Each structure stands twice: as structure tokens, then as C-alpha cells.
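final17.cif (mmCIF, C-alpha atoms)
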```
data_upload
loop_
_atom_site.label_atom_id
_atom_site.label_comp_id
_atom_site.auth_asym_id
_atom_site.auth_seq_id
_atom_site.Cartn_x
_atom_site.Cartn_y
_atom_site.Cartn_z
CA MET G 101 40.98 138.93 -42.72
CA ALA G 102 40.97 141.54 -45.50
CA PHE G 103 43.75 144.13 -45.51
CA LYS G 104 42.68 147.72 -44.93
CA SER G 105 44.51 150.89 -45.89
CA GLY G 106 43.72 154.49 -46.63
CA PHE G 107 44.57 158.17 -46.36
CA VAL G 108 43.60 159.98 -43.15
CA ASN G 109 44.01 163.69 -43.76
CA ILE G 110 44.40 166.03 -40.79
CA ILE G 111 42.96 169.53 -41.20
CA GLY G 112 42.44 172.50 -38.87
CA LEU G 113 43.38 176.06 -38.02
CA PRO G 114 46.99 176.98 -37.12
CA ASN G 115 48.17 175.75 -33.71
CA ALA G 116 45.24 173.36 -33.21
CA GLY G 117 47.59 170.47 -32.39
CA LYS G 118 47.55 168.65 -35.75
CA SER G 119 51.25 167.77 -35.79
CA THR G 120 51.30 166.71 -32.15
CA LEU G 121 48.33 164.43 -32.77
CA MET G 122 49.86 162.76 -35.83
CA ASN G 123 53.14 162.18 -34.00
CA ALA G 124 51.23 160.61 -31.09
CA LEU G 125 49.12 158.36 -33.32
CA ILE G 126 52.08 156.92 -35.25
CA GLY G 127 54.41 156.88 -32.23
CA GLU G 128 57.18 158.80 -33.98
CA ARG G 129 58.18 162.47 -34.01
CA LEU G 130 57.92 163.29 -37.72
CA SER G 131 56.27 166.72 -37.78
CA ILE G 132 58.02 169.49 -35.89
CA VAL G 133 56.03 170.98 -33.01
CA THR G 134 56.28 174.46 -31.48
CA PRO G 135 53.86 176.76 -29.64
CA LYS G 136 53.87 179.11 -32.66
CA ALA G 137 51.19 179.11 -35.35
CA GLN G 138 52.13 178.10 -38.91
CA THR G 139 54.85 175.72 -37.73
CA THR G 140 53.94 173.20 -40.45
CA ARG G 141 54.49 174.49 -44.00
CA HIS G 142 54.33 171.33 -46.07
CA ARG G 143 52.03 168.35 -46.29
CA ILE G 144 53.83 165.61 -44.35
CA ILE G 145 52.99 161.92 -44.57
CA GLY G 146 53.25 159.65 -41.52
CA ILE G 147 52.54 155.94 -41.89
CA LEU G 148 51.17 153.59 -39.23
CA ASN G 149 51.56 149.91 -40.14
CA GLY G 150 49.89 146.88 -38.58
CA GLU G 151 49.47 143.22 -39.53
CA ASP G 152 46.27 143.86 -41.45
CA PHE G 153 46.25 147.64 -41.95
CA GLN G 154 48.19 150.66 -43.12
CA VAL G 155 47.07 154.15 -42.12
CA VAL G 156 48.59 156.95 -44.18
CA PHE G 157 48.24 160.10 -42.08
CA SER G 158 48.67 163.45 -43.78
CA ASP G 159 49.62 166.43 -41.61
CA THR G 160 48.75 169.70 -43.35
CA PRO G 161 49.54 173.36 -42.66
CA GLY G 162 47.01 175.31 -40.65
CA MET G 163 44.40 177.00 -42.83
CA ILE G 164 45.18 180.71 -43.29
CA ARG G 165 42.09 182.83 -43.90
CA ASP G 166 43.82 185.87 -45.42
CA PRO G 167 47.19 184.89 -46.90
CA ALA G 168 49.72 187.74 -46.77
CA TYR G 169 52.34 186.11 -49.01
CA ARG G 170 52.51 183.79 -51.98
CA LEU G 171 54.10 181.32 -49.53
CA GLN G 172 50.89 181.24 -47.47
CA GLU G 173 48.81 180.80 -50.63
CA SER G 174 50.95 177.75 -51.44
CA MET G 175 50.47 176.41 -47.92
CA ASN G 176 46.70 176.72 -48.35
CA ARG G 177 46.96 174.76 -51.61
CA PHE G 178 48.58 171.89 -49.70
CA VAL G 179 45.46 171.86 -47.51
CA GLU G 180 43.15 172.01 -50.53
CA GLY G 181 45.01 169.10 -52.11
CA SER G 182 44.27 167.00 -49.04
CA PHE G 183 40.53 167.27 -49.79
CA GLN G 184 40.99 165.28 -52.98
CA ASP G 185 42.41 161.97 -51.73
CA ALA G 186 41.06 161.49 -48.20
CA ASP G 187 39.42 158.24 -47.10
CA ILE G 188 38.85 159.78 -43.65
CA PHE G 189 39.05 163.39 -42.49
CA LEU G 190 40.32 164.37 -39.06
CA PHE G 191 39.23 167.96 -38.42
CA ILE G 192 41.10 169.31 -35.38
CA ALA G 193 39.73 172.08 -33.19
CA GLU G 194 41.38 172.91 -29.87
CA ILE G 195 39.08 173.28 -26.88
CA GLY G 196 39.79 177.02 -26.71
CA GLN G 197 38.45 177.52 -30.24
CA LYS G 198 34.80 178.55 -30.38
CA PRO G 199 32.76 176.65 -33.00
CA SER G 200 32.34 178.81 -36.09
CA SER G 201 31.37 178.11 -39.67
CA ASP G 202 34.25 180.40 -40.72
CA SER G 203 36.67 177.81 -39.32
CA ILE G 204 35.31 174.99 -41.46
CA PRO G 205 36.52 174.49 -45.05
CA GLU G 206 33.67 174.48 -47.54
CA ALA G 207 34.71 171.02 -48.71
CA LEU G 208 33.95 169.54 -45.28
CA LEU G 209 30.45 170.97 -44.88
CA HIS G 210 28.77 168.46 -47.18
CA THR G 211 31.42 165.76 -47.51
CA GLN G 212 30.35 162.13 -47.79
CA THR G 213 33.79 161.04 -46.59
CA PRO G 214 33.89 159.82 -42.97
CA LEU G 215 34.62 162.80 -40.73
CA LEU G 216 36.03 162.65 -37.20
CA LEU G 217 36.04 166.00 -35.41
CA VAL G 218 38.73 165.92 -32.76
CA ILE G 219 38.52 168.44 -29.93
CA SER G 220 42.16 168.70 -28.87
CA LYS G 221 43.98 169.96 -25.77
CA ILE G 222 41.04 169.12 -23.49
CA ASP G 223 43.45 169.15 -20.53
CA LEU G 224 43.38 172.95 -20.92
CA GLY G 225 39.59 173.14 -20.45
CA ASN G 226 36.86 171.77 -18.21
CA GLN G 227 33.84 169.49 -18.62
CA THR G 228 31.35 172.34 -19.11
CA GLN G 229 33.50 173.90 -21.81
CA LEU G 230 33.93 170.53 -23.52
CA GLU G 231 30.17 169.93 -23.57
CA GLU G 232 29.54 173.40 -25.00
CA ARG G 233 32.19 172.94 -27.70
CA SER G 234 30.89 169.47 -28.61
CA GLU G 235 27.33 170.73 -28.99
CA GLY G 236 28.45 173.74 -31.03
CA TRP G 237 30.53 171.69 -33.47
CA LYS G 238 27.80 169.05 -33.78
CA ASN G 239 25.34 171.76 -34.84
CA LEU G 240 27.73 172.93 -37.54
CA LEU G 241 28.88 169.47 -38.70
CA PRO G 242 26.07 167.03 -37.84
CA GLN G 243 27.67 164.24 -39.88
CA ALA G 244 30.87 164.35 -37.81
CA GLU G 245 31.72 162.07 -34.90
CA ILE G 246 33.05 164.23 -32.04
CA ILE G 247 36.05 162.79 -30.19
CA PRO G 248 37.79 164.74 -27.37
CA VAL G 249 41.49 163.99 -26.91
CA SER G 250 44.51 165.06 -24.90
CA THR G 251 47.83 164.05 -26.43
CA ILE G 252 49.70 165.17 -23.30
CA ALA G 253 47.60 162.89 -21.08
CA GLY G 254 47.21 160.22 -23.76
CA PHE G 255 43.44 160.47 -23.32
CA ASN G 256 41.26 158.83 -25.99
CA LEU G 257 44.14 158.23 -28.43
CA ASP G 258 43.52 154.48 -28.53
CA TYR G 259 39.80 155.08 -29.03
CA LEU G 260 40.50 157.53 -31.86
CA LYS G 261 42.86 155.05 -33.49
CA GLY G 262 40.19 152.36 -33.22
CA ARG G 263 37.57 154.59 -34.87
CA ILE G 264 40.00 155.30 -37.71
CA LEU G 265 40.74 151.61 -38.27
CA SER G 266 37.04 150.73 -38.21
CA GLN G 267 36.38 153.10 -41.13
CA LEU G 268 39.40 152.34 -43.29
CA PRO G 269 38.45 150.86 -46.69
CA GLU G 270 39.73 147.50 -47.87
CA ASN G 271 42.82 148.20 -49.97
CA PRO G 272 46.32 146.81 -50.42
CA PRO G 273 49.07 148.89 -48.74
CA TYR G 274 50.12 152.05 -50.55
CA PHE G 275 53.68 151.99 -49.18
CA GLU G 276 56.22 149.35 -48.16
CA LYS G 277 55.27 147.76 -44.83
CA ASP G 278 58.31 149.19 -43.03
CA ALA G 279 57.85 152.72 -44.43
CA LEU G 280 57.36 155.52 -41.93
CA THR G 281 57.05 158.50 -44.29
CA ASP G 282 57.44 159.53 -47.92
CA ARG G 283 60.01 162.22 -47.04
CA ASN G 284 63.79 161.80 -47.12
CA GLU G 285 66.33 162.56 -44.39
CA ARG G 286 67.29 165.89 -45.99
CA PHE G 287 63.74 167.15 -45.51
CA PHE G 288 63.71 166.28 -41.81
CA VAL G 289 67.11 167.90 -41.31
CA THR G 290 65.73 171.20 -42.67
CA GLU G 291 62.65 170.86 -40.47
CA ILE G 292 64.77 170.30 -37.34
CA ILE G 293 66.71 173.50 -38.03
CA ARG G 294 63.50 175.43 -38.71
CA GLU G 295 61.97 174.13 -35.47
CA LYS G 296 64.92 175.52 -33.47
CA ILE G 297 64.54 178.87 -35.23
CA LEU G 298 60.85 178.95 -34.30
CA LEU G 299 61.76 178.25 -30.68
CA ASN G 300 64.74 180.63 -30.38
CA TYR G 301 63.59 183.73 -32.27
CA LYS G 302 60.65 186.08 -31.86
CA LYS G 303 58.29 188.14 -34.01
CA GLU G 304 58.84 187.96 -37.76
CA ILE G 305 62.16 186.09 -37.94
CA PRO G 306 60.83 182.48 -37.80
CA TYR G 307 58.34 183.23 -40.58
CA ALA G 308 60.88 184.96 -42.81
CA VAL G 309 63.34 182.04 -43.04
CA GLU G 310 63.65 179.00 -45.23
CA VAL G 311 66.24 176.24 -44.74
CA VAL G 312 68.00 174.34 -47.53
CA VAL G 313 70.43 171.44 -47.14
CA ASP G 314 73.35 172.27 -49.41
CA GLU G 315 75.35 169.11 -48.71
CA PHE G 316 74.57 165.82 -46.99
CA LYS G 317 77.41 163.29 -46.74
CA ASP G 318 76.20 160.21 -44.92
CA GLU G 319 79.27 158.31 -43.75
CA PRO G 320 79.17 155.13 -41.60
CA GLU G 321 80.07 156.91 -38.33
CA ILE G 322 79.08 160.52 -39.03
CA ALA G 323 76.79 162.64 -41.18
CA ARG G 324 78.38 165.81 -42.55
CA ILE G 325 75.69 168.36 -43.24
CA SER G 326 75.93 171.84 -44.70
CA ALA G 327 72.76 173.97 -44.55
CA ILE G 328 71.77 177.46 -45.63
CA ILE G 329 69.22 179.59 -43.80
CA PHE G 330 67.68 182.11 -46.18
CA VAL G 331 66.11 185.30 -44.84
CA ALA G 332 63.92 187.79 -46.69
CA ARG G 333 65.80 191.02 -45.80
CA ASP G 334 69.34 192.13 -44.95
CA SER G 335 68.29 193.37 -41.50
CA GLN G 336 67.05 189.87 -40.59
CA LYS G 337 70.46 188.33 -41.24
CA GLY G 338 72.08 190.19 -38.33
CA ILE G 339 69.22 189.34 -35.98
CA LEU G 340 69.43 185.66 -36.91
CA ILE G 341 73.19 185.50 -36.30
CA GLY G 342 73.05 187.49 -33.06
CA HIS G 343 75.86 189.20 -31.16
CA GLN G 344 79.11 187.44 -32.07
CA GLY G 345 77.05 184.62 -33.53
CA SER G 346 75.73 183.56 -30.12
CA ILE G 347 72.08 182.89 -31.03
CA LEU G 348 72.93 181.08 -34.26
CA LYS G 349 75.46 178.93 -32.37
CA LYS G 350 72.79 177.98 -29.82
CA THR G 351 70.32 177.16 -32.60
CA SER G 352 72.93 175.11 -34.47
CA THR G 353 73.91 173.12 -31.36
CA GLU G 354 70.30 172.28 -30.50
CA ALA G 355 69.61 171.26 -34.11
CA ARG G 356 72.74 169.08 -34.27
CA LEU G 357 71.77 167.19 -31.10
CA ASP G 358 68.29 166.50 -32.47
CA MET G 359 69.77 165.36 -35.79
CA GLU G 360 72.05 162.93 -33.97
CA ARG G 361 69.03 161.41 -32.22
CA PHE G 362 67.10 161.28 -35.49
CA LEU G 363 69.91 159.82 -37.62
CA GLY G 364 71.39 157.62 -34.87
CA LYS G 365 74.95 158.84 -35.43
CA LYS G 366 77.28 161.79 -34.90
CA VAL G 367 76.58 164.90 -36.97
CA PHE G 368 78.92 167.64 -38.14
CA LEU G 369 76.67 170.61 -38.95
CA ARG G 370 77.69 173.77 -40.76
CA ILE G 371 75.13 176.58 -41.16
CA GLN G 372 75.37 179.71 -43.30
CA VAL G 373 72.90 182.61 -43.44
CA LYS G 374 72.09 184.24 -46.78
CA VAL G 375 69.57 186.80 -48.03
CA SER G 376 67.00 185.87 -50.68
CA LYS G 377 65.13 189.13 -50.99
CA ASP G 378 61.38 188.81 -50.42
CA TRP G 379 61.50 185.08 -51.19
CA ARG G 380 58.00 184.54 -49.77
CA ASP G 381 56.55 186.37 -52.79
CA ASN G 382 59.02 185.08 -55.38
CA ASP G 383 57.64 182.22 -57.48
CA LYS G 384 61.10 181.12 -58.62
CA GLN G 385 62.32 180.79 -55.05
CA LEU G 386 59.09 179.18 -53.85
CA LYS G 387 59.51 176.55 -56.56
CA ARG G 388 63.12 176.00 -55.50
CA PHE G 389 62.01 175.54 -51.88
CA GLY G 390 59.30 173.04 -52.83
CA TYR G 391 56.19 175.18 -52.36
CA LEU G 392 55.30 175.38 -56.05
CA SER G 393 55.45 172.58 -58.61
#
```
Take the structure I supplied and represent it as C-alpha cells, if you would.
Amino acid sequence: MAFKSGFVNIIGLPNAGKSTLMNALIGERLSIVTPKAQTTRHRIIGILNGEDFQVVFSDTPGMIRDPAYRLQESMNRFVEGSFQDADIFLFIAEIGQKPSSDSIPEALLHTQTPLLLVISKIDLGNQTQLEERSEGWKNLLPQAEIIPVSTIAGFNLDYLKGRILSQLPENPPYFEKDALTDRNERFFVTEIIREKILLNYKKEIPYAVEVVVDEFKDEPEIARISAIIFVARDSQKGILIGHQGSILKKTSTEARLDMERFLGKKVFLRIQVKVSKDWRDNDKQLKRFGYLS
């Protein structure tokens, strides 16, 4: 039997369930997941390996119609880059999202690449709503195959996986057969910290921070990690730390416990908070943080 492999690029509006779906399909928690929009900032690769296939999933940031910062422009470029190398597109629209041509990237309207339109979170809707959404999306993207899924209920995930495998091209594997992602442990450490910030802080704070691992000493029994949380303004530093450091301590503890599960060993975590003024519009800082090449 010929070996099949290819890039399956996941695209959609913010908070459509892209990261949750990728994690469910590969069976590992690679992309962080929160109820807040714009949780994913980078393009993250997740790899599903089988005896005769390798699926390279690509989780992308949610498409932002009117970027307010250079950071958001960079996030949109990660999405645009995913249009160039896809063997299959997964376009994700949650059941609460009304079909609209404004929600569809121009590149998908006339693509010849196989397109699976996934209606996500169907456990939050009903049959009538699902039928209306399916018909609406089919009118806008007649070439797409519509597949409703619920990652919480595990509904249709095996069917979706089967449809992906059936349309993969014949290729040798792009990565080693035991590879799970193209990202290193440092990257996932920063994402774990950022996830806890998204969950523990409100309003602007989660969107004004960036996390950098300053030191990562991986010893046999323990990982010693030093991280810096950068904020965009002085006033945000005090909010992030909280009264007598209480909120930052809670965030740090939750992040450390997740890191220990992820790394499979004890973690000593030290976090500092620093100000990098208006970093979201600073090209030098965006390059340092990996948003610009």
C-alpha cells in the first residue's frame, strides 16, 4: 500500500474551535485552549502518524478582519501562509456563526484544493439550526464537503479523520515517524504560561502580554525554568502581579503543574514581569518574539 502524507491546514474565525479540534484529532494537547478569542497567535504544527500515513495538521490564528496592532497583522500573515502549502483545507465555523461571505478568505472561494467545512460545537445547537447552517455554507462554498462535529461529545471525529485520510496525496513522510510537532519544549512552556494568563485575567491584560523563556535547564529529575512576562504599559504590570503578588502566584502555580504533566518531571518555575512599551506595534520586539522573520 502506498504511503500517504500531506498538510491539512485549519482556518476559521477566532474562537471557532480550531485548536480544540486539532488536539482531538491528534490525541494530544498541543495548542492551548481558552474561551477567549485570539488564544492562538502562532501557526502550530501537530502530526498524526499511522502505519501508512502522516497527517501534518496546521493550527492557525483566527482571522482578524480589522487588525488593531502590528501583532495582529503578523497573525493574519500566518493564516495567509497556510494557503500556500495546503493539501487539504479544514475551514471551521461554529454552529452559532451565521454563514457569511465576509467570513470566508478569498483564497478559499475558488480553491481547487480539497475543502472540508467543519461545523463545530454542534452540541450547542439543534437539528434545525444545523440544517440551516449547512445549507447556508453550501450555498457560499459549493465545492466544500460539510461535516458537523462535536469535540466534547466526540461526534463525527472518526468520520472526519477518515475523510482526511481518503484525500491525502501519496507522499513520503515529511517528519520523523515519532514526531508530534515541529515546536520545541520552550515554545510550549511559554504557551502554557500564556494560557493561564488568558484564564486568570480579564479585559486587555491577556492580549497585552508576551512570554519569553529566559532560561531552561533540563536536568534528569527536574526542569529549572525562568520566564519573563512582558506587558505593553507600566499600569499593566501591577494588575498582572496583583495584590501582594497573589494573582501572579496563582498563575505561576497552575502553569508549573501543567508543565510537570507536559514534561513528565518536577519543574522549578521562576517568573518575572517586565514592561516592553507598546511591543505589539514594535517591529524589533515582534521579531524577537517570533512574529516577524
*Any chance you could work out the residue set of the PyMOL selection byres ((chain G and resi 142-157) around 8) here, as a PyMOL selection string?*
chain G and resi 101-110+122-123+125-126+130-131+140-141+158-161+175+178-179+265+268+273-274+277-283+391
*So how many Å separate atom CA of G:Phe255 and atom CA of G:Asn115, to one decimal?*
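A separation of 19.1 Å between them.
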*asked:* Env of stretch 284-290 of chain G: 7 Å cut, atoms = only C-alpha atoms, seq-sep filter 4 positions within chain, self excluded. Answer as a PyMOL selection string.
replied: chain G and resi 294+311-313+359
_I'd like the contact shell of stretch 339-341 of chain G - 12 Å cut-off, all atoms listed in the file, skipping same-chain residues fewer than 6 positions apart - returned as a ChimeraX atom specification._
/G:294,296-298,300-309,329-333,347-352,371-375
*Quick one: apply the PyMOL selection byres ((chain G and resi 198-213) around 10) to the file and drop the selected residues here as a PyMOL selection string.*
chain G and resi 111-113+163-165+179-180+183-184+186-189+191+193-197+214-216+229+232-244+267
Grab all the atoms of stretch 201-215 of chain G that the file lists, wrap them in a box along x, y and z, add 4 Å per side, and give me centre plus edge lengths in Å (one decimal) as JSON.
```
{"center_x": 32.7, "center_y": 170.1, "center_z": -44.0, "size_x": 15.9, "size_y": 28.6, "size_z": 17.4}
```
*asked:* Please list, as a ChimeraX atom specification, the residues that have an atom at most 10 Å away from (74.9, 171.0, -37.9) in the coordinates of this file, counting all atoms listed in the file.
replied: /G:289,293,323-327,349,351-360,366-371
Would you save the residues of that selection, restricted to C-alpha atoms, as a PDB file, in the coordinates of the input?
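New file result-v5.pdb:
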```pdb
ATOM      1  CA  VAL G 289      67.110 167.900 -41.310  1.00  0.00           C
ATOM      2  CA  ILE G 293      66.710 173.500 -38.030  1.00  0.00           C
ATOM      3  CA  ALA G 323      76.790 162.640 -41.180  1.00  0.00           C
ATOM      4  CA  ARG G 324      78.380 165.810 -42.550  1.00  0.00           C
ATOM      5  CA  ILE G 325      75.690 168.360 -43.240  1.00  0.00           C
ATOM      6  CA  SER G 326      75.930 171.840 -44.700  1.00  0.00           C
ATOM      7  CA  ALA G 327      72.760 173.970 -44.550  1.00  0.00           C
ATOM      8  CA  LYS G 349      75.460 178.930 -32.370  1.00  0.00           C
ATOM      9  CA  THR G 351      70.320 177.160 -32.600  1.00  0.00           C
ATOM     10  CA  SER G 352      72.930 175.110 -34.470  1.00  0.00           C
ATOM     11  CA  THR G 353      73.910 173.120 -31.360  1.00  0.00           C
ATOM     12  CA  GLU G 354      70.300 172.280 -30.500  1.00  0.00           C
ATOM     13  CA  ALA G 355      69.610 171.260 -34.110  1.00  0.00           C
ATOM     14  CA  ARG G 356      72.740 169.080 -34.270  1.00  0.00           C
ATOM     15  CA  LEU G 357      71.770 167.190 -31.100  1.00  0.00           C
ATOM     16  CA  ASP G 358      68.290 166.500 -32.470  1.00  0.00           C
ATOM     17  CA  MET G 359      69.770 165.360 -35.790  1.00  0.00           C
ATOM     18  CA  GLU G 360      72.050 162.930 -33.970  1.00  0.00           C
ATOM     19  CA  LYS G 366      77.280 161.790 -34.900  1.00  0.00           C
ATOM     20  CA  VAL G 367      76.580 164.900 -36.970  1.00  0.00           C
ATOM     21  CA  PHE G 368      78.920 167.640 -38.140  1.00  0.00           C
ATOM     22  CA  LEU G 369      76.670 170.610 -38.950  1.00  0.00           C
ATOM     23  CA  ARG G 370      77.690 173.770 -40.760  1.00  0.00           C
ATOM     24  CA  ILE G 371      75.130 176.580 -41.160  1.00  0.00           C
TER      25      ILE G 371
END
```
*Go ahead and compute the interatomic distance for atom CA of G:Ile222 and atom CA of G:Leu260, in Å to one decimal.*
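Rounded to one decimal, the two atoms are 14.3 Å apart.
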*Would you kindly translate the PyMOL selection byres ((chain G and resi 252) around 12) into the concrete residues it picks from this file, as JSON, numbers by chain?*
{"G": [117, 120, 121, 123, 124, 220, 221, 222, 223, 224, 249, 250, 251, 253, 254, 255, 256, 257]}
*If you count all atoms listed in the file, which residues fall within 10 Å of G:Ser393, apart from same-chain ones fewer than 6 positions away, as JSON, numbers by chain?*
{"G": [174, 383, 386, 387]}
*For atom CA of G:Ile192 and atom CA of G:Lys118, determine how far apart the two atoms are, in Å to one decimal place.*
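Between atom CA of G:Ile192 and atom CA of G:Lys118 the gap works out to 6.5 Å.
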_Ranking G:Ile132, G:Ser376, G:Arg361, G:Val218 by minimum distance to G:Glu291 and counting all atoms listed in the file, which one comes first?_
G:Ile132
Complete stretch 265-281 of chain G with N, CA and C atoms (output as a PDB file, keeping the file's coordinate frame).
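Result file is out_7.pdb:
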```pdb
ATOM      1  N   LEU G 265      40.585 152.942 -37.670  1.00  0.00           N
ATOM      2  CA  LEU G 265      40.740 151.610 -38.270  1.00  0.00           C
ATOM      3  C   LEU G 265      39.406 151.018 -38.671  1.00  0.00           C
ATOM      4  N   SER G 266      38.358 151.305 -37.893  1.00  0.00           N
ATOM      5  CA  SER G 266      37.040 150.730 -38.210  1.00  0.00           C
ATOM      6  C   SER G 266      36.479 151.283 -39.517  1.00  0.00           C
ATOM      7  N   GLN G 267      36.936 152.469 -39.933  1.00  0.00           N
ATOM      8  CA  GLN G 267      36.380 153.100 -41.130  1.00  0.00           C
ATOM      9  C   GLN G 267      37.324 153.086 -42.327  1.00  0.00           C
ATOM     10  N   LEU G 268      38.482 152.459 -42.153  1.00  0.00           N
ATOM     11  CA  LEU G 268      39.400 152.340 -43.290  1.00  0.00           C
ATOM     12  C   LEU G 268      38.802 151.415 -44.353  1.00  0.00           C
ATOM     13  N   PRO G 269      38.934 151.760 -45.628  1.00  0.00           N
ATOM     14  CA  PRO G 269      38.450 150.860 -46.690  1.00  0.00           C
ATOM     15  C   PRO G 269      39.398 149.681 -46.893  1.00  0.00           C
ATOM     16  N   GLU G 270      38.891 148.641 -47.520  1.00  0.00           N
ATOM     17  CA  GLU G 270      39.730 147.500 -47.870  1.00  0.00           C
ATOM     18  C   GLU G 270      40.565 147.845 -49.093  1.00  0.00           C
ATOM     19  N   ASN G 271      41.868 147.879 -48.906  1.00  0.00           N
ATOM     20  CA  ASN G 271      42.820 148.200 -49.970  1.00  0.00           C
ATOM     21  C   ASN G 271      44.131 147.496 -49.673  1.00  0.00           C
ATOM     22  N   PRO G 272      44.951 147.249 -50.687  1.00  0.00           N
ATOM     23  CA  PRO G 272      46.320 146.810 -50.420  1.00  0.00           C
ATOM     24  C   PRO G 272      47.116 148.005 -49.879  1.00  0.00           C
ATOM     25  N   PRO G 273      48.272 147.766 -49.260  1.00  0.00           N
ATOM     26  CA  PRO G 273      49.070 148.890 -48.740  1.00  0.00           C
ATOM     27  C   PRO G 273      49.565 149.795 -49.866  1.00  0.00           C
ATOM     28  N   TYR G 274      49.638 151.075 -49.568  1.00  0.00           N
ATOM     29  CA  TYR G 274      50.120 152.050 -50.550  1.00  0.00           C
ATOM     30  C   TYR G 274      51.640 152.189 -50.511  1.00  0.00           C
ATOM     31  N   PHE G 275      52.237 151.859 -49.358  1.00  0.00           N
ATOM     32  CA  PHE G 275      53.680 151.990 -49.180  1.00  0.00           C
ATOM     33  C   PHE G 275      54.237 150.663 -48.674  1.00  0.00           C
ATOM     34  N   GLU G 276      55.568 150.528 -48.727  1.00  0.00           N
ATOM     35  CA  GLU G 276      56.220 149.350 -48.160  1.00  0.00           C
ATOM     36  C   GLU G 276      55.836 149.219 -46.685  1.00  0.00           C
ATOM     37  N   LYS G 277      55.772 147.993 -46.190  1.00  0.00           N
ATOM     38  CA  LYS G 277      55.270 147.760 -44.830  1.00  0.00           C
ATOM     39  C   LYS G 277      56.169 148.326 -43.740  1.00  0.00           C
ATOM     40  N   ASP G 278      57.431 148.602 -44.048  1.00  0.00           N
ATOM     41  CA  ASP G 278      58.310 149.190 -43.030  1.00  0.00           C
ATOM     42  C   ASP G 278      58.482 150.697 -43.229  1.00  0.00           C
ATOM     43  N   ALA G 279      57.727 151.285 -44.160  1.00  0.00           N
ATOM     44  CA  ALA G 279      57.850 152.720 -44.430  1.00  0.00           C
ATOM     45  C   ALA G 279      57.230 153.526 -43.290  1.00  0.00           C
ATOM     46  N   LEU G 280      57.856 154.643 -42.972  1.00  0.00           N
ATOM     47  CA  LEU G 280      57.360 155.520 -41.930  1.00  0.00           C
ATOM     48  C   LEU G 280      56.863 156.847 -42.508  1.00  0.00           C
ATOM     49  N   THR G 281      57.425 157.240 -43.653  1.00  0.00           N
ATOM     50  CA  THR G 281      57.050 158.500 -44.290  1.00  0.00           C
ATOM     51  C   THR G 281      57.490 158.454 -45.747  1.00  0.00           C
TER      52      THR G 281
END
```
